[in-house]
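Novice: Before anything else, here's the structure in question.
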Amino acid sequence: MTQQGVRWTADQVLALAPDTASRKAGSKLGAAGPWSEAGSSDEGTVWGLCRGSGSKPYRTVIDIADSTGPAYKCSCPSRKFPCKHALGLLLLWAGEDGTVPRGQAPDWADEWIEDRRKRADDKRAAASAAGSAPAGDPEAARRRAERRAEWITAGAAELEQRLTDLLRGGLASAEQAGYGLWEETAARMVDAQAPGLAARVRELGAIPSSGPGWPVRLLEECALLHLLDQGWLRRDVLPGGLAATVRSRIGLPGSADGPPVRDQWLVLAQYDTADSRLTTRRIWLYGAESGRTVLVLSYGAAGRAPELVLPVGLTLDAEVSAYPGAGQSRVALGERFAAPAPTGFRPPGVGVARAVAQYGEALRDDPWLESRPVTLGRVIPTPDGDDWQLADADGELALPLAPPARSRSGLWRLVALSGGAPLTVFGECGHRGFSPLAAWPEGRGEAVPLC
C-alpha cells in the first residue's frame, strides 16, 4: 500500500475498531496534537509517540504491509486490538497532510517489526512441517467419529421426544415451564456433542413471552429444529451436499477441502457478534474475477477480539478454500500474496425482486439459512412508518430493513450517504428483512462501512 503511495480512508481505518467506544476514542486521537515523532516507512511501518496521562508517552507502532493483515503494538495498558492510540495514529497517517512523514523507523519500532516477522516466518515453517508429518491412526479416528455419531443420534432422538411432548401439551406450556427446562435440554445436547442443536434449543427457550406473536415464532423454530433432527437421523439417504449441510448445522467440524481459488478479494464487511463464551467475527469477501461472495469466520475468547482484521474497502490477493455443504458460502482464508490494497471496483448489484428470489433458491439447499449475502443496485432508503426500507429506484418493490438494522448509527449513515439518491448496498437478506453492511454512492468507488 505505502509502496504505491495510496493510503487508507478514514472509514477503512475506523472499520478496524473493535467496538464503538474505541472508534470514538480513536477519532479524538486522529489529530496531530497529542502525537510526536510520528513517521512511516516504505516497508509499511507506521510509528509515533502519543501523549497520555503518565509522564512517558505511549509508543505505538503498526505493521500495515504484512500479507496476514495489519498488526499493532502499543505500550498502553489496553487489551483491545487495535487500541485507540493505534486507530488515532492510522487516522493521522491516512490524512496525508505531512504530519506522518516518510523516514527511518526508530529502534524500538524496528525491533518489534523484525521480531514479529521472524515469528511469522517460524510459524509458517512449523505449519509446513506439520502438514508434511504423517497423519494419525485413521482407524482410531474412525472409531471416535462413530462414537460421536452415536451420541448425537441419541441426543437427536431425545430432542424429538421433547418436541413431541411440547406439541401434545400445547405451546402455552412452554410459557409456564420457563427457561430452565430449555437450558437443561440444551445442556443434554452439549453432552451429546451436538453444539448446533444446543444453540437452537437455547434460542427456542428465549421465544416464549418475547412479544406479540411468540407462539407462531415458536412453532416455526420447532419445525426447523424437527427438520434438522430428522435430517441427521436420515443423513445416509440425503444428497451429499445436503448431508454435509446437516452435519455442519448439527455442529460437527468440517475441513475446508475445496480447491483453492485465487482472486482479488474485496473486503465488503466485517462485524463481530459475541456471547458468554466466544466472539465471532464475520468477514464478507467478493472475488473480482470469480464473482463469488464468500464468508470468513474468525474467533476470539469471550471479551477478546478475534485476531484476523481486514479493512473494509481494500482488496486482498489471496486463495480461499470452501467448506463442504450445499450452498455454503463459508471459506478458509489460505495463502495471501500481498498486503491489502485500495481499489476502485465494487460488486455488481441486483434488483430487489432478484435478491428475494436468490434467498428463496438458497433455502432449497439450506432450509436453516437465516440470510444470504446480496448486493442491491440502485436502491434508496425510505421511511415506512416507524421503520425503514430499501426501495428499488427502477421499480416498485422494496425490502424492509431487519430490526434492528445492525446499528442506528449505521442506518443514519446510510440515509445521509443517499440524500435521496440511489445507492449500491451490500448486506444480508433474510426472512427478517435486509441488514445493510456497506454502501457505495453513485460515482464513487470506496465502500462506506455501515456496521
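In the C-alpha cells, each chain is lettered A, B, ... as it comes, each chain's residues begin at 1, and ligands are numbered from 1 in order of appearance.
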Can you tell me which residues surround Ile62 in chain A at a distance of at most 8 Å, considering only C-alpha atoms, apart from same-chain residues fewer than 4 positions away, and format the answer as a list in words?
Specialist: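 In the requested format, the answer is Thr45, Val46, Trp47, Pro70, Ala71, Tyr72, Lys73 and Ala86 of chain A.
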Novice: Set out as a Markdown table a contact list for range 7-126 of chain A and range 437-441 of chain A with a cut-off of 12 Å, giving each residue of range 7-126 of chain A that qualifies its closest atom pair and distance in Å to one decimal, counting only C-alpha atoms, ordered by chain and rising residue number.
Specialist:
```
| residue | atom | partner | partner_atom | distance |
| --- | --- | --- | --- | --- |
| A:Asp11 | CA | A:Ala438 | CA | 10.8 |
| A:Gln12 | CA | A:Ala438 | CA | 11.2 |
| A:Ala15 | CA | A:Ala438 | CA | 10.6 |
```
Novice: Between A:Ser40, A:Ser298, A:Ser78, A:Thr185, which residue has the minimum interatomic distance to Tyr58 in chain A, considering only C-alpha atoms?
Specialist: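 Ranked by minimum distance to Tyr58 in chain A, first place goes to A:Ser78.
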Novice: Would you mind telling me which residue in A:Ser329, A:Trp368, A:Gln270, A:Pro82 lies nearest to Pro436 in chain A when using only C-alpha atoms?
Specialist: A:Gln270
Novice: Separation of CA of Ala398 in chain A and CA of Trp284 in chain A, in Å?
Specialist: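 Going from CA of Ala398 in chain A over to CA of Trp284 in chain A, I get 23.5 Å.
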